[in-house]
>>> print(open('structure-v2.pdb').read())   # PDB, C-alpha atoms, pLDDT in the B column
MODEL        1
ATOM      1  CA  LEU A   1     -56.373-155.032 -77.666  1.00 90.00           C
ATOM      2  CA  ASN A   2     -56.907-151.340 -78.388  1.00 94.00           C
ATOM      3  CA  THR A   3     -54.769-149.919 -75.585  1.00 93.00           C
ATOM      4  CA  ASP A   4     -52.080-148.487 -77.869  1.00 95.00           C
ATOM      5  CA  ALA A   5     -54.588-147.064 -80.358  1.00 95.00           C
ATOM      6  CA  PHE A   6     -56.740-145.415 -77.679  1.00 96.00           C
ATOM      7  CA  GLU A   7     -53.693-143.926 -75.967  1.00 96.00           C
ATOM      8  CA  ALA A   8     -52.481-142.509 -79.296  1.00 96.00           C
ATOM      9  CA  ILE A   9     -55.938-141.024 -79.936  1.00 97.00           C
ATOM     10  CA  ALA A  10     -55.929-139.396 -76.494  1.00 95.00           C
ATOM     11  CA  VAL A  11     -52.480-137.907 -77.062  1.00 96.00           C
ATOM     12  CA  SER A  12     -53.466-136.569 -80.484  1.00 96.00           C
ATOM     13  CA  LEU A  13     -56.538-134.679 -79.240  1.00 97.00           C
ATOM     14  CA  PRO A  14     -55.770-131.894 -76.725  1.00 94.00           C
ATOM     15  CA  LEU A  15     -58.347-131.387 -73.982  1.00 91.00           C
ATOM     16  CA  ARG A  16     -58.845-127.776 -75.020  1.00 93.00           C
ATOM     17  CA  LEU A  17     -59.861-128.991 -78.491  1.00 96.00           C
ATOM     18  CA  LEU A  18     -62.401-131.471 -77.113  1.00 95.00           C
ATOM     19  CA  ALA A  19     -63.699-128.813 -74.712  1.00 94.00           C
ATOM     20  CA  LYS A  20     -64.112-126.395 -77.603  1.00 95.00           C
ATOM     21  CA  HIS A  21     -66.445-128.858 -79.349  1.00 96.00           C
ATOM     22  CA  ARG A  22     -68.138-130.173 -76.198  1.00 95.00           C
ATOM     23  CA  ASN A  23     -71.551-128.844 -77.201  1.00 96.00           C
ATOM     24  CA  GLN A  24     -71.517-130.639 -80.563  1.00 96.00           C
ATOM     25  CA  LEU A  25     -71.777-134.378 -79.976  1.00 96.00           C
ATOM     26  CA  ASN A  26     -71.384-135.205 -83.674  1.00 96.00           C
ATOM     27  CA  GLN A  27     -68.127-133.267 -83.857  1.00 97.00           C
ATOM     28  CA  LEU A  28     -66.776-135.099 -80.809  1.00 98.00           C
ATOM     29  CA  GLU A  29     -67.577-138.457 -82.410  1.00 97.00           C
ATOM     30  CA  ALA A  30     -66.048-137.299 -85.679  1.00 98.00           C
ATOM     31  CA  LEU A  31     -62.804-136.295 -83.931  1.00 98.00           C
ATOM     32  CA  LEU A  32     -62.479-139.476 -81.849  1.00 98.00           C
ATOM     33  CA  MET A  33     -63.465-141.951 -84.556  1.00 97.00           C
ATOM     34  CA  GLY A  34     -61.606-140.080 -87.241  1.00 97.00           C
ATOM     35  CA  GLN A  35     -58.389-140.241 -85.256  1.00 97.00           C
ATOM     36  CA  ALA A  36     -59.089-143.959 -84.835  1.00 96.00           C
ATOM     37  CA  GLY A  37     -58.951-144.297 -88.635  1.00 95.00           C
ATOM     38  CA  MET A  38     -62.581-145.368 -88.994  1.00 96.00           C
ATOM     39  CA  PHE A  39     -63.431-143.141 -91.943  1.00 96.00           C
ATOM     40  CA  ASP A  40     -60.962-144.536 -94.489  1.00 93.00           C
ATOM     41  CA  LYS A  41     -63.686-146.168 -96.587  1.00 93.00           C
ATOM     42  CA  GLU A  42     -67.026-145.516 -98.300  1.00 96.00           C
ATOM     43  CA  PHE A  43     -70.303-145.718 -96.363  1.00 97.00           C
ATOM     44  CA  LYS A  44     -73.990-146.290 -97.123  1.00 96.00           C
ATOM     45  CA  ASP A  45     -75.602-144.717 -94.043  1.00 96.00           C
ATOM     46  CA  SER A  46     -75.981-140.947 -93.952  1.00 97.00           C
ATOM     47  CA  TYR A  47     -74.651-140.717 -90.371  1.00 97.00           C
ATOM     48  CA  PRO A  48     -71.098-142.009 -91.008  1.00 97.00           C
ATOM     49  CA  ILE A  49     -70.999-140.014 -94.265  1.00 97.00           C
ATOM     50  CA  MET A  50     -71.772-136.875 -92.261  1.00 98.00           C
ATOM     51  CA  LEU A  51     -69.128-137.745 -89.634  1.00 98.00           C
ATOM     52  CA  GLN A  52     -66.604-138.456 -92.389  1.00 97.00           C
ATOM     53  CA  LYS A  53     -67.105-134.984 -93.901  1.00 97.00           C
ATOM     54  CA  GLU A  54     -67.015-133.341 -90.478  1.00 97.00           C
ATOM     55  CA  TYR A  55     -63.755-135.085 -89.618  1.00 97.00           C
ATOM     56  CA  ALA A  56     -62.105-134.158 -92.914  1.00 97.00           C
ATOM     57  CA  PHE A  57     -62.826-130.495 -92.176  1.00 97.00           C
ATOM     58  CA  LEU A  58     -61.658-130.668 -88.531  1.00 97.00           C
ATOM     59  CA  LYS A  59     -58.531-132.678 -89.359  1.00 97.00           C
ATOM     60  CA  LYS A  60     -57.432-130.052 -91.859  1.00 96.00           C
ATOM     61  CA  LYS A  61     -58.415-127.131 -89.608  1.00 96.00           C
ATOM     62  CA  TYR A  62     -56.445-128.396 -86.597  1.00 97.00           C
ATOM     63  CA  GLU A  63     -53.715-130.225 -88.548  1.00 96.00           C
ATOM     64  CA  LEU A  64     -54.334-133.406 -86.573  1.00 96.00           C
ATOM     65  CA  PRO A  65     -51.560-136.014 -86.713  1.00 94.00           C
ATOM     66  CA  HIS A  66     -52.058-139.444 -88.252  1.00 91.00           C
ATOM     67  CA  ILE A  67     -52.402-142.343 -85.794  1.00 90.00           C
ATOM     68  CA  HIS A  68     -50.280-145.369 -86.661  1.00 89.00           C
ATOM     69  CA  PHE A  69     -52.113-147.872 -84.433  1.00 92.00           C
ATOM     70  CA  PRO A  70     -55.167-149.566 -85.984  1.00 91.00           C
ATOM     71  CA  VAL A  71     -58.236-150.323 -83.860  1.00 94.00           C
ATOM     72  CA  HIS A  72     -59.312-153.952 -83.537  1.00 94.00           C
ATOM     73  CA  PHE A  73     -62.758-155.579 -83.469  1.00 95.00           C
ATOM     74  CA  LEU A  74     -61.817-159.262 -83.391  1.00 91.00           C
ATOM     75  CA  ARG A  75     -61.695-161.306 -80.180  1.00 88.00           C
ATOM     76  CA  MET A  76     -63.950-158.953 -78.204  1.00 91.00           C
ATOM     77  CA  ARG A  77     -67.607-158.711 -77.281  1.00 93.00           C
ATOM     78  CA  PRO A  78     -69.657-156.343 -79.496  1.00 94.00           C
ATOM     79  CA  ALA A  79     -70.398-154.156 -76.445  1.00 93.00           C
ATOM     80  CA  ASN A  80     -66.653-153.485 -76.234  1.00 94.00           C
ATOM     81  CA  PHE A  81     -66.226-152.591 -79.911  1.00 96.00           C
ATOM     82  CA  PRO A  82     -64.190-149.374 -80.333  1.00 97.00           C
ATOM     83  CA  THR A  83     -67.123-147.757 -82.157  1.00 97.00           C
ATOM     84  CA  ILE A  84     -69.303-148.133 -79.057  1.00 97.00           C
ATOM     85  CA  ARG A  85     -66.616-147.159 -76.562  1.00 97.00           C
ATOM     86  CA  LEU A  86     -65.622-144.031 -78.497  1.00 97.00           C
ATOM     87  CA  SER A  87     -69.251-142.994 -78.877  1.00 97.00           C
ATOM     88  CA  GLN A  88     -69.722-143.426 -75.121  1.00 97.00           C
ATOM     89  CA  LEU A  89     -66.610-141.338 -74.508  1.00 97.00           C
ATOM     90  CA  ALA A  90     -67.984-138.631 -76.780  1.00 97.00           C
ATOM     91  CA  ALA A  91     -71.236-138.694 -74.774  1.00 97.00           C
ATOM     92  CA  LEU A  92     -69.298-138.382 -71.505  1.00 96.00           C
ATOM     93  CA  ILE A  93     -67.365-135.362 -72.794  1.00 95.00           C
ATOM     94  CA  HIS A  94     -70.594-133.875 -74.164  1.00 96.00           C
ATOM     95  CA  LEU A  95     -72.456-134.202 -70.857  1.00 92.00           C
ATOM     96  CA  SER A  96     -69.594-133.454 -68.465  1.00 87.00           C
ATOM     97  CA  HIS A  97     -68.607-129.989 -67.403  1.00 86.00           C
ATOM     98  CA  HIS A  98     -65.732-129.615 -64.927  1.00 89.00           C
ATOM     99  CA  LEU A  99     -65.896-133.371 -64.343  1.00 92.00           C
ATOM    100  CA  PHE A 100     -62.915-133.651 -61.994  1.00 93.00           C
ATOM    101  CA  SER A 101     -64.059-130.679 -59.918  1.00 94.00           C
ATOM    102  CA  ARG A 102     -67.399-132.396 -59.442  1.00 94.00           C
ATOM    103  CA  ILE A 103     -65.676-135.620 -58.406  1.00 95.00           C
ATOM    104  CA  ILE A 104     -63.654-133.736 -55.792  1.00 95.00           C
ATOM    105  CA  GLU A 105     -66.836-132.229 -54.323  1.00 95.00           C
ATOM    106  CA  ILE A 106     -68.822-135.488 -54.274  1.00 95.00           C
ATOM    107  CA  ALA A 107     -68.784-137.425 -51.005  1.00 93.00           C
ATOM    108  CA  ASN A 108     -70.733-140.526 -52.009  1.00 94.00           C
ATOM    109  CA  LEU A 109     -69.288-143.146 -54.381  1.00 95.00           C
ATOM    110  CA  LYS A 110     -72.708-143.857 -55.899  1.00 94.00           C
ATOM    111  CA  ASP A 111     -73.029-140.194 -56.860  1.00 96.00           C
ATOM    112  CA  ALA A 112     -69.596-140.353 -58.496  1.00 96.00           C
ATOM    113  CA  GLU A 113     -70.624-143.450 -60.430  1.00 95.00           C
ATOM    114  CA  LYS A 114     -73.719-141.655 -61.752  1.00 95.00           C
ATOM    115  CA  LEU A 115     -71.428-139.192 -63.548  1.00 95.00           C
ATOM    116  CA  PHE A 116     -70.444-142.056 -65.857  1.00 96.00           C
ATOM    117  CA  GLU A 117     -73.969-143.252 -66.657  1.00 95.00           C
ATOM    118  CA  VAL A 118     -73.768-142.395 -70.348  1.00 96.00           C
ATOM    119  CA  ALA A 119     -74.949-144.051 -73.547  1.00 96.00           C
ATOM    120  CA  ALA A 120     -73.758-144.037 -77.140  1.00 97.00           C
ATOM    121  CA  ASN A 121     -75.936-141.867 -79.380  1.00 94.00           C
ATOM    122  CA  ASP A 122     -79.140-143.094 -81.041  1.00 95.00           C
ATOM    123  CA  TYR A 123     -77.441-144.357 -84.216  1.00 97.00           C
ATOM    124  CA  TRP A 124     -75.738-147.066 -82.173  1.00 97.00           C
ATOM    125  CA  HIS A 125     -78.977-148.336 -80.607  1.00 96.00           C
ATOM    126  CA  TYR A 126     -79.355-150.465 -83.753  1.00 96.00           C
ATOM    127  CA  ARG A 127     -75.700-151.040 -84.643  1.00 96.00           C
ATOM    128  CA  TYR A 128     -72.276-152.064 -83.373  1.00 97.00           C
ATOM    129  CA  VAL A 129     -70.398-151.045 -86.527  1.00 96.00           C
ATOM    130  CA  PHE A 130     -71.153-148.573 -89.308  1.00 97.00           C
ATOM    131  CA  ASP A 131     -73.622-149.664 -92.025  1.00 96.00           C
ATOM    132  CA  GLU A 132     -74.597-152.956 -90.310  1.00 96.00           C
ATOM    133  CA  GLU A 133     -77.942-153.031 -88.490  1.00 95.00           C
ATOM    134  CA  SER A 134     -78.602-155.234 -85.461  1.00 95.00           C
ATOM    135  CA  GLY A 135     -81.370-155.660 -82.895  1.00 94.00           C
ATOM    136  CA  PHE A 136     -82.282-152.680 -80.721  1.00 96.00           C
ATOM    137  CA  LYS A 137     -80.147-152.225 -77.614  1.00 95.00           C
ATOM    138  CA  THR A 138     -79.291-148.989 -75.857  1.00 96.00           C
ATOM    139  CA  LYS A 139     -75.499-148.941 -75.613  1.00 96.00           C
ATOM    140  CA  THR A 140     -75.152-147.682 -72.043  1.00 96.00           C
ATOM    141  CA  LEU A 141     -71.913-147.843 -70.117  1.00 94.00           C
ATOM    142  CA  GLY A 142     -72.542-150.875 -67.882  1.00 92.00           C
ATOM    143  CA  ARG A 143     -71.979-150.911 -64.134  1.00 92.00           C
ATOM    144  CA  PRO A 144     -68.902-153.210 -64.278  1.00 91.00           C
ATOM    145  CA  MET A 145     -67.265-150.777 -66.711  1.00 92.00           C
ATOM    146  CA  ARG A 146     -68.218-147.765 -64.584  1.00 95.00           C
ATOM    147  CA  GLN A 147     -66.731-149.458 -61.528  1.00 93.00           C
ATOM    148  CA  ASN A 148     -63.620-150.309 -63.539  1.00 92.00           C
ATOM    149  CA  ILE A 149     -63.203-146.642 -64.528  1.00 94.00           C
ATOM    150  CA  LEU A 150     -63.657-145.541 -60.915  1.00 96.00           C
ATOM    151  CA  LEU A 151     -61.215-148.086 -59.523  1.00 95.00           C
ATOM    152  CA  ASN A 152     -58.475-147.788 -62.147  1.00 93.00           C
ATOM    153  CA  THR A 153     -58.723-144.110 -63.092  1.00 95.00           C
ATOM    154  CA  VAL A 154     -60.819-141.891 -60.841  1.00 97.00           C
ATOM    155  CA  ILE A 155     -59.704-143.212 -57.442  1.00 97.00           C
ATOM    156  CA  PRO A 156     -55.936-143.256 -58.203  1.00 96.00           C
ATOM    157  CA  LEU A 157     -56.182-139.758 -59.716  1.00 97.00           C
ATOM    158  CA  LEU A 158     -58.150-138.505 -56.705  1.00 97.00           C
ATOM    159  CA  TYR A 159     -55.544-139.964 -54.330  1.00 97.00           C
ATOM    160  CA  ALA A 160     -52.644-138.514 -56.342  1.00 98.00           C
ATOM    161  CA  TYR A 161     -54.314-135.096 -56.415  1.00 98.00           C
ATOM    162  CA  GLY A 162     -54.863-135.231 -52.658  1.00 97.00           C
ATOM    163  CA  SER A 163     -51.259-136.304 -52.092  1.00 98.00           C
ATOM    164  CA  TYR A 164     -49.902-133.498 -54.292  1.00 98.00           C
ATOM    165  CA  HIS A 165     -51.954-130.892 -52.439  1.00 98.00           C
ATOM    166  CA  GLN A 166     -51.359-132.584 -49.044  1.00 97.00           C
ATOM    167  CA  ASP A 167     -55.108-132.971 -48.604  1.00 97.00           C
ATOM    168  CA  GLU A 168     -55.623-135.975 -46.323  1.00 97.00           C
ATOM    169  CA  ALA A 169     -59.411-135.754 -46.648  1.00 96.00           C
ATOM    170  CA  LEU A 170     -59.208-136.426 -50.405  1.00 97.00           C
ATOM    171  CA  MET A 171     -56.686-139.224 -49.905  1.00 97.00           C
ATOM    172  CA  ASN A 172     -58.887-140.876 -47.293  1.00 97.00           C
ATOM    173  CA  LYS A 173     -61.933-140.481 -49.543  1.00 97.00           C
ATOM    174  CA  ALA A 174     -60.085-142.237 -52.363  1.00 97.00           C
ATOM    175  CA  LEU A 175     -59.154-145.154 -50.090  1.00 96.00           C
ATOM    176  CA  PHE A 176     -62.690-145.353 -48.706  1.00 96.00           C
ATOM    177  CA  TRP A 177     -64.136-145.442 -52.230  1.00 97.00           C
ATOM    178  CA  ALA A 178     -61.703-148.210 -53.186  1.00 96.00           C
ATOM    179  CA  GLU A 179     -63.032-150.291 -50.298  1.00 95.00           C
ATOM    180  CA  GLN A 180     -66.603-149.761 -51.559  1.00 95.00           C
ATOM    181  CA  THR A 181     -66.009-150.875 -55.154  1.00 94.00           C
ATOM    182  CA  ALA A 182     -66.574-154.431 -56.312  1.00 92.00           C
ATOM    183  CA  PRO A 183     -63.439-156.604 -56.532  1.00 93.00           C
ATOM    184  CA  GLU A 184     -61.824-157.114 -59.914  1.00 90.00           C
ATOM    185  CA  LYS A 185     -62.098-160.646 -61.214  1.00 88.00           C
ATOM    186  CA  ASN A 186     -59.111-161.754 -63.284  1.00 90.00           C
ATOM    187  CA  SER A 187     -56.483-164.480 -63.431  1.00 93.00           C
ATOM    188  CA  ILE A 188     -54.383-162.810 -60.724  1.00 94.00           C
ATOM    189  CA  SER A 189     -57.190-162.450 -58.190  1.00 93.00           C
ATOM    190  CA  ALA A 190     -58.401-165.980 -59.037  1.00 94.00           C
ATOM    191  CA  GLY A 191     -54.931-167.353 -58.291  1.00 93.00           C
ATOM    192  CA  PHE A 192     -54.818-165.703 -54.882  1.00 92.00           C
ATOM    193  CA  GLU A 193     -58.384-166.807 -54.096  1.00 92.00           C
ATOM    194  CA  LYS A 194     -57.373-170.419 -54.787  1.00 92.00           C
ATOM    195  CA  LEU A 195     -54.703-169.979 -52.119  1.00 88.00           C
ATOM    196  CA  GLY A 196     -57.372-168.886 -49.646  1.00 90.00           C
ATOM    197  CA  LEU A 197     -56.889-165.104 -49.727  1.00 89.00           C
ATOM    198  CA  GLU A 198     -59.994-162.950 -49.581  1.00 90.00           C
ATOM    199  CA  ASN A 199     -60.843-160.600 -52.422  1.00 93.00           C
ATOM    200  CA  LYS A 200     -63.820-158.646 -51.110  1.00 94.00           C
ATOM    201  CA  SER A 201     -63.336-155.214 -52.710  1.00 95.00           C
ATOM    202  CA  GLY A 202     -61.479-153.246 -55.342  1.00 94.00           C
ATOM    203  CA  TYR A 203     -59.078-152.256 -52.571  1.00 94.00           C
ATOM    204  CA  ASP A 204     -58.187-155.951 -52.086  1.00 95.00           C
ATOM    205  CA  SER A 205     -57.879-156.791 -55.780  1.00 94.00           C
ATOM    206  CA  GLN A 206     -55.630-153.782 -56.450  1.00 93.00           C
ATOM    207  CA  ALA A 207     -53.359-154.917 -53.620  1.00 93.00           C
ATOM    208  CA  LEU A 208     -53.210-158.470 -54.994  1.00 94.00           C
ATOM    209  CA  ILE A 209     -52.394-157.224 -58.505  1.00 94.00           C
ATOM    210  CA  GLN A 210     -49.650-154.996 -57.066  1.00 94.00           C
ATOM    211  CA  LEU A 211     -48.134-157.936 -55.171  1.00 94.00           C
ATOM    212  CA  LYS A 212     -48.209-160.255 -58.196  1.00 95.00           C
ATOM    213  CA  ASN A 213     -46.796-157.770 -60.723  1.00 95.00           C
ATOM    214  CA  ASN A 214     -44.179-156.094 -58.554  1.00 96.00           C
ATOM    215  CA  TYR A 215     -43.044-158.882 -56.233  1.00 95.00           C
ATOM    216  CA  CYS A 216     -44.080-162.386 -57.351  1.00 93.00           C
ATOM    217  CA  ASN A 217     -43.316-161.866 -61.050  1.00 95.00           C
ATOM    218  CA  LYS A 218     -39.952-160.268 -60.240  1.00 95.00           C
ATOM    219  CA  VAL A 219     -39.037-162.920 -57.626  1.00 94.00           C
ATOM    220  CA  ARG A 220     -38.625-160.234 -54.957  1.00 94.00           C
ATOM    221  CA  CYS A 221     -39.656-162.655 -52.206  1.00 92.00           C
ATOM    222  CA  LEU A 222     -37.017-161.420 -49.760  1.00 91.00           C
ATOM    223  CA  GLU A 223     -38.313-157.846 -50.103  1.00 93.00           C
ATOM    224  CA  CYS A 224     -41.910-158.936 -49.496  1.00 91.00           C
ATOM    225  CA  ALA A 225     -43.299-159.326 -45.975  1.00 89.00           C
ATOM    226  CA  ILE A 226     -45.464-162.242 -47.109  1.00 86.00           C
ATOM    227  CA  GLY A 227     -42.585-163.931 -48.915  1.00 89.00           C
ATOM    228  CA  ASN A 228     -40.320-163.489 -45.900  1.00 88.00           C
ATOM    229  CA  ASN A 229     -42.935-165.042 -43.627  1.00 88.00           C
ATOM    230  CA  ILE A 230     -43.346-168.080 -45.898  1.00 85.00           C
ATOM    231  CA  LEU A 231     -39.587-168.579 -46.255  1.00 87.00           C
ATOM    232  CA  ARG A 232     -39.035-168.387 -42.514  1.00 87.00           C
ATOM    233  CA  LYS A 233     -41.691-171.027 -41.886  1.00 85.00           C
ATOM    234  CA  SER A 234     -40.210-173.339 -44.520  1.00 74.00           C
TER     235      SER A 234
ENDMDL
END
>>> encode(input="structure-v2.pdb", output="structure tokens")
Amino acid sequence: LNTDAFEAIAVSLPLRLLAKHRNQLNQLEALLMGQAGMFDKEFKDSYPIMLQKEYAFLKKKYELPHIHFPVHFLRMRPANFPTIRLSQLAALIHLSHHLFSRIIEIANLKDAEKLFEVAANDYWHYRYVFDEESGFKTKTLGRPMRQNILLNTVIPLLYAYGSYHQDEALMNKALFWAEQTAPEKNSISAGFEKLGLENKSGYDSQALIQLKNNYCNKVRCLECAIGNNILRKS
């Protein structure tokens, strides 16, 4: 639901700007949530009031562009609210130094996953949105989400980087990691599983998604080895 908004936020905040404020977690949250348009109202809690003032200063200082995509809260679990996800992203930026370089050096997938074991700051332990208290819960980035980030972002980027630099070791590491991740569970993988195909790893589920989106949906059966085999038999 927030794909367009989050992409626009990412485009509007250069990496060098986020790196410049890496040591100030509050400023990172102010930049990310401010660009998400979350400070266009009055608050009761001192924390959002402080972030609001911080963002107003930073927006003017860096002449940040206005984002035209609103963030959404409806039809999603509270753990996925944009407030929580952006706070977790701020924590990741705050704690990570040369993140991609560390990923390149790491050999073990579990060690790579640990790099994403972050939590939203203390304010969010009792809240999902500003000014509304809830029961205590540390808003850590859960394992399914960490695996999702690895499978859909880290591993493809690692493979692409290895391919660009003609580094077969990195490419093979990316493929090996994909085989070690848990399979994605969605309507596409469920459809293939009903047909009897195995979906044992992220490597499998990515292949099934690729087949469905780029061959089945486009009726490219004659260009597909599986489609050709079925048509010949029939």
>>> resolve_selection(input="structure-v2.pdb", expression="the PyMOL selection byres ((chain A and resi 84-97) around 6)", output="list in words")
Arg22, Asn23, Leu25, Leu28, Glu29, Phe81, Pro82, Thr83, His98, Leu99, Ala119 and Ala120 of chain A
>>> resolve_selection(input="structure-v2.pdb", expression="the PyMOL selection byres ((chain A and resi 56) around 12)", output="number ranges by chain")
A: 27, 30-31, 33-35, 37-40, 49-55, 57-64
>>> closest_residue(input="structure-v2.pdb", among="A:Lys173, A:Lys185, A:Arg146, A:His165", to="A:Val118", atoms="all atoms listed in the file")
A:Arg146
>>> residues_around(input="structure-v2.pdb", residues="A:Tyr47", least_positions_apart="5", cutoff="10 Å", atoms="all atoms listed in the file", output="compact mmCIF listing (two decimals) with C-alpha atoms, keeping the file's coordinate frame")
# COMPACT_ATOMS: atom_id res chain seq x y z
CA ASN A 26 -71.38 -135.21 -83.67
CA GLN A 52 -66.60 -138.46 -92.39
CA TYR A 123 -77.44 -144.36 -84.22
CA PHE A 130 -71.15 -148.57 -89.31
CA ASP A 131 -73.62 -149.66 -92.02
>>> atom_distance(input="structure-v2.pdb", atom1="atom CA of A:Ile226", atom2="atom CA of A:Lys212")
11.6 Å
>>> axis_aligned_box(input="structure-v2.pdb", around="stretch 7-11 of chain A", padding_each_side="4 Å", output="JSON")
{"center_x": -54.2, "center_y": -140.9, "center_z": -78.0, "size_x": 11.5, "size_y": 14.0, "size_z": 12.0}
>>> resolve_selection(input="structure-v2.pdb", expression="the PyMOL selection byres ((chain A and resi 199-210) around 6)", output="number ranges by chain")
A: 178-179, 181-184, 198, 211-214
>>> atom_distance(input="structure-v2.pdb", atom1="atom CA of A:Pro14", atom2="atom CA of A:Trp124")
25.7 Å
>>> atom_distance(input="structure-v2.pdb", atom1="atom CA of A:Glu117", atom2="atom CA of A:Ile103")
14.0 Å
>>> closest_residue(input="structure-v2.pdb", among="A:Ala79, A:Phe176, A:Ala169, A:Glu193", to="A:His125", atoms="all atoms listed in the file")
A:Ala79
>>> closest_residue(input="structure-v2.pdb", among="A:Leu115, A:Leu175, A:Ala107, A:Leu15", to="A:Arg143", atoms="only C-alpha atoms")
A:Leu115
>>> residues_around(input="structure-v2.pdb", residues="A:Ala5", least_positions_apart="3", cutoff="7 Å", atoms="only C-alpha atoms", output="PyMOL selection string")
chain A and resi 2+8-9+69-71
>>> closest_residue(input="structure-v2.pdb", among="A:Asn80, A:Asn152, A:Ser12, A:Asn172", to="A:Lys139", atoms="all atoms listed in the file")
A:Asn80
>>> build_atoms(input="structure-v2.pdb", residues="stretch 61-82 of chain A", atoms="N, CA and C atoms", output="PDB file, in the coordinates of the input")
ATOM      1  N   LYS A  61     -58.398-128.372 -90.384  1.00 96.00           N
ATOM      2  CA  LYS A  61     -58.415-127.131 -89.608  1.00 96.00           C
ATOM      3  C   LYS A  61     -57.398-127.164 -88.473  1.00 96.00           C
ATOM      4  N   TYR A  62     -57.322-128.299 -87.769  1.00 97.00           N
ATOM      5  CA  TYR A  62     -56.445-128.396 -86.597  1.00 97.00           C
ATOM      6  C   TYR A  62     -55.134-129.122 -86.885  1.00 97.00           C
ATOM      7  N   GLU A  63     -54.939-129.525 -88.141  1.00 96.00           N
ATOM      8  CA  GLU A  63     -53.715-130.225 -88.548  1.00 96.00           C
ATOM      9  C   GLU A  63     -53.439-131.413 -87.633  1.00 96.00           C
ATOM     10  N   LEU A  64     -54.430-132.267 -87.483  1.00 96.00           N
ATOM     11  CA  LEU A  64     -54.334-133.406 -86.573  1.00 96.00           C
ATOM     12  C   LEU A  64     -53.361-134.451 -87.121  1.00 96.00           C
ATOM     13  N   PRO A  65     -52.533-135.016 -86.255  1.00 94.00           N
ATOM     14  CA  PRO A  65     -51.560-136.014 -86.713  1.00 94.00           C
ATOM     15  C   PRO A  65     -52.215-137.349 -87.043  1.00 94.00           C
ATOM     16  N   HIS A  66     -51.566-138.120 -87.883  1.00 91.00           N
ATOM     17  CA  HIS A  66     -52.058-139.444 -88.252  1.00 91.00           C
ATOM     18  C   HIS A  66     -51.697-140.440 -87.147  1.00 91.00           C
ATOM     19  N   ILE A  67     -52.642-141.309 -86.799  1.00 90.00           N
ATOM     20  CA  ILE A  67     -52.402-142.343 -85.794  1.00 90.00           C
ATOM     21  C   ILE A  67     -51.936-143.617 -86.489  1.00 90.00           C
ATOM     22  N   HIS A  68     -50.869-144.209 -85.995  1.00 89.00           N
ATOM     23  CA  HIS A  68     -50.280-145.369 -86.661  1.00 89.00           C
ATOM     24  C   HIS A  68     -50.699-146.698 -86.028  1.00 89.00           C
ATOM     25  N   PHE A  69     -51.637-146.646 -85.072  1.00 92.00           N
ATOM     26  CA  PHE A  69     -52.113-147.872 -84.433  1.00 92.00           C
ATOM     27  C   PHE A  69     -53.553-148.152 -84.883  1.00 92.00           C
ATOM     28  N   PRO A  70     -53.800-149.256 -85.560  1.00 91.00           N
ATOM     29  CA  PRO A  70     -55.167-149.566 -85.984  1.00 91.00           C
ATOM     30  C   PRO A  70     -56.020-150.031 -84.802  1.00 91.00           C
ATOM     31  N   VAL A  71     -57.335-149.794 -84.888  1.00 94.00           N
ATOM     32  CA  VAL A  71     -58.236-150.323 -83.860  1.00 94.00           C
ATOM     33  C   VAL A  71     -58.685-151.714 -84.278  1.00 94.00           C
ATOM     34  N   HIS A  72     -58.969-152.553 -83.277  1.00 94.00           N
ATOM     35  CA  HIS A  72     -59.312-153.952 -83.537  1.00 94.00           C
ATOM     36  C   HIS A  72     -60.736-154.249 -83.078  1.00 94.00           C
ATOM     37  N   PHE A  73     -61.410-155.142 -83.816  1.00 95.00           N
ATOM     38  CA  PHE A  73     -62.758-155.579 -83.469  1.00 95.00           C
ATOM     39  C   PHE A  73     -62.799-157.068 -83.126  1.00 95.00           C
ATOM     40  N   LEU A  74     -61.824-157.820 -83.611  1.00 91.00           N
ATOM     41  CA  LEU A  74     -61.817-159.262 -83.391  1.00 91.00           C
ATOM     42  C   LEU A  74     -61.499-159.602 -81.932  1.00 91.00           C
ATOM     43  N   ARG A  75     -61.969-160.765 -81.519  1.00 88.00           N
ATOM     44  CA  ARG A  75     -61.695-161.306 -80.180  1.00 88.00           C
ATOM     45  C   ARG A  75     -62.209-160.397 -79.063  1.00 88.00           C
ATOM     46  N   MET A  76     -63.334-159.721 -79.281  1.00 91.00           N
ATOM     47  CA  MET A  76     -63.950-158.953 -78.204  1.00 91.00           C
ATOM     48  C   MET A  76     -65.469-158.959 -78.365  1.00 91.00           C
ATOM     49  N   ARG A  77     -66.154-158.766 -77.256  1.00 93.00           N
ATOM     50  CA  ARG A  77     -67.607-158.711 -77.281  1.00 93.00           C
ATOM     51  C   ARG A  77     -68.048-157.458 -78.025  1.00 93.00           C
ATOM     52  N   PRO A  78     -69.184-157.529 -78.762  1.00 94.00           N
ATOM     53  CA  PRO A  78     -69.657-156.343 -79.496  1.00 94.00           C
ATOM     54  C   PRO A  78     -69.824-155.107 -78.610  1.00 94.00           C
ATOM     55  N   ALA A  79     -70.219-155.306 -77.344  1.00 93.00           N
ATOM     56  CA  ALA A  79     -70.398-154.156 -76.445  1.00 93.00           C
ATOM     57  C   ALA A  79     -69.087-153.419 -76.196  1.00 93.00           C
ATOM     58  N   ASN A  80     -67.968-154.101 -76.437  1.00 94.00           N
ATOM     59  CA  ASN A  80     -66.653-153.485 -76.234  1.00 94.00           C
ATOM     60  C   ASN A  80     -66.027-152.985 -77.534  1.00 94.00           C
ATOM     61  N   PHE A  81     -66.770-153.058 -78.634  1.00 96.00           N
ATOM     62  CA  PHE A  81     -66.226-152.591 -79.911  1.00 96.00           C
ATOM     63  C   PHE A  81     -65.775-151.130 -79.773  1.00 96.00           C
ATOM     64  N   PRO A  82     -64.680-150.754 -80.434  1.00 97.00           N
ATOM     65  CA  PRO A  82     -64.190-149.374 -80.333  1.00 97.00           C
ATOM     66  C   PRO A  82     -65.206-148.334 -80.800  1.00 97.00           C
TER      67      PRO A  82
END
